[in-house]
Amino acid sequence: MYVRKIVCLANSRKPPSGGRCIAGKETEGPRAGQWIRPVSARADNAITEEQRRYENGQRAQLLDIITIHLETYLPIGHQRENHVIADEYWSKDGVASWDLVTTLIDPYDAN
């Protein structure tokens with residue numbers, strides 16, 4: 001098991017399963033700025049409402065700074081950022097400031 005801290009930059013519904021696609025960028029360490037997409041071990045890899053819940057009952061939202069325990073790296077096709085979540089509550093460490101978000105913007109590539 002390993003731990004990553006991300007800013008949540010995507011939180012979309014995944015029909016028809018009713019699950020979620022959650023993704024964000026790492027905020028610290030040598031991988032800061034890299035995309036992480038936490039996925040479940042379910043067939044569709046969607047995150048359930050229960051899995052994106054903090055211990056206090058709140059659910060992960062856009063711009064939350066989240067610590068997530070992960071089990072394994074699981075690249076699937078073009079989704080190289082996939083990591084299977086561990087059976088642990090996520091931790092909310094705050095909400096990203098605009099200054100933090102601007103440091104995570106990918107550089108513009110005109111090509």
# chains A, B, ... in the order shown; residues from 1 in each chain; ligands from 1
>>> closest_atom_pairs(of="region 10-34 of chain A", to="region 70-87 of chain A", cutoff="10 Å", atoms="only C-alpha atoms", output="Markdown table")
| residue | atom | partner | partner_atom | distance |
| --- | --- | --- | --- | --- |
| A:Ala23 | CA | A:Glu81 | CA | 8.6 |
| A:Gly24 | CA | A:Glu81 | CA | 9.5 |
| A:Lys25 | CA | A:Glu81 | CA | 9.8 |
| A:Gln34 | CA | A:Glu81 | CA | 8.2 |
>>> write_last_selection(atoms="all heavy atoms", output="CSV table (one decimal), in the first residue's frame")
chain,number,residue,atom,x,y,z
A,23,ALA,N,-10.4,12.3,-10.4
A,23,ALA,CA,-9.0,12.4,-10.8
A,23,ALA,C,-8.5,13.7,-10.3
A,23,ALA,O,-9.2,14.7,-10.0
A,23,ALA,CB,-8.9,12.4,-12.3
A,24,GLY,N,-7.2,13.8,-10.1
A,24,GLY,CA,-6.5,15.0,-9.6
A,24,GLY,C,-5.0,14.9,-9.8
A,24,GLY,O,-4.5,14.0,-10.4
A,25,LYS,N,-4.4,16.0,-9.4
A,25,LYS,CA,-2.9,16.1,-9.5
A,25,LYS,C,-2.3,16.0,-8.2
A,25,LYS,O,-2.8,16.6,-7.2
A,25,LYS,CB,-2.5,17.3,-10.3
A,25,LYS,CG,-2.8,17.3,-11.7
A,25,LYS,CD,-2.0,18.3,-12.5
A,25,LYS,CE,-2.1,18.1,-14.0
A,25,LYS,NZ,-1.3,19.1,-14.7
A,34,GLN,N,1.7,15.4,-11.3
A,34,GLN,CA,1.3,14.3,-12.1
A,34,GLN,C,-0.1,13.9,-11.8
A,34,GLN,O,-0.6,14.0,-10.6
A,34,GLN,CB,2.2,13.1,-11.7
A,34,GLN,CG,3.7,13.3,-12.1
A,34,GLN,CD,3.9,13.5,-13.5
A,34,GLN,OE1,3.4,12.7,-14.3
A,34,GLN,NE2,4.6,14.5,-13.9
>>> residues_around(residues="Arg53 (chain A)", least_positions_apart="4", cutoff="10 Å", atoms="only C-alpha atoms", output="mmCIF file with C-alpha atoms, in the first residue's frame")
data_model
loop_
_atom_site.group_PDB
_atom_site.id
_atom_site.type_symbol
_atom_site.label_atom_id
_atom_site.label_comp_id
_atom_site.auth_asym_id
_atom_site.auth_seq_id
_atom_site.Cartn_x
_atom_site.Cartn_y
_atom_site.Cartn_z
ATOM 1 C CA THR A 48 -18.791 4.358 -5.517
ATOM 2 C CA GLU A 49 -20.425 7.053 -3.398
ATOM 3 C CA GLY A 57 -19.641 11.296 6.093
ATOM 4 C CA GLN A 58 -18.859 14.122 3.655
ATOM 5 C CA ARG A 59 -17.993 13.227 0.064
ATOM 6 C CA ALA A 60 -14.951 14.281 -1.936
ATOM 7 C CA GLN A 61 -15.609 17.394 -4.022
ATOM 8 C CA GLU A 88 -9.608 2.975 3.663
ATOM 9 C CA TYR A 89 -11.420 6.252 4.156
ATOM 10 C CA TRP A 90 -10.043 9.165 2.184
ATOM 11 C CA SER A 91 -8.843 12.146 4.221
ATOM 12 C CA LYS A 92 -9.673 15.743 3.389
#
>>> closest_residue(among="A:Tyr54, A:Ile47, A:Ala41, A:Leu63", to="Ala10 (chain A)", atoms="only C-alpha atoms")
A:Leu63
>>> atom_distance(atom1="CA of Lys5 (chain A)", atom2="CA of Ile68 (chain A)")
6.3 Å
>>> closest_residue(among="A:Pro107, A:Gly29, A:Gly94, A:Gly19", to="Ala43 (chain A)", atoms="only C-alpha atoms")
A:Gly19
>>> select_by_dssp(residues="chain A", states="strand (DSSP E)", output="PyMOL selection string")
chain A and resi 2-14+19-26+35-39+64-73+82-85+91-95
>>> select_by_dssp(residues="chain A", states="helix (DSSP H, G or I)", output="PyMOL selection string")
chain A and resi 98-103
>>> atom_distance(atom1="CA of Asp99 (chain A)", atom2="CA of Asn11 (chain A)")
20.6 Å
>>> closest_residue(among="A:Pro38, A:Pro30, A:His69, A:Ser17", to="Tyr2 (chain A)", atoms="only C-alpha atoms")
A:His69
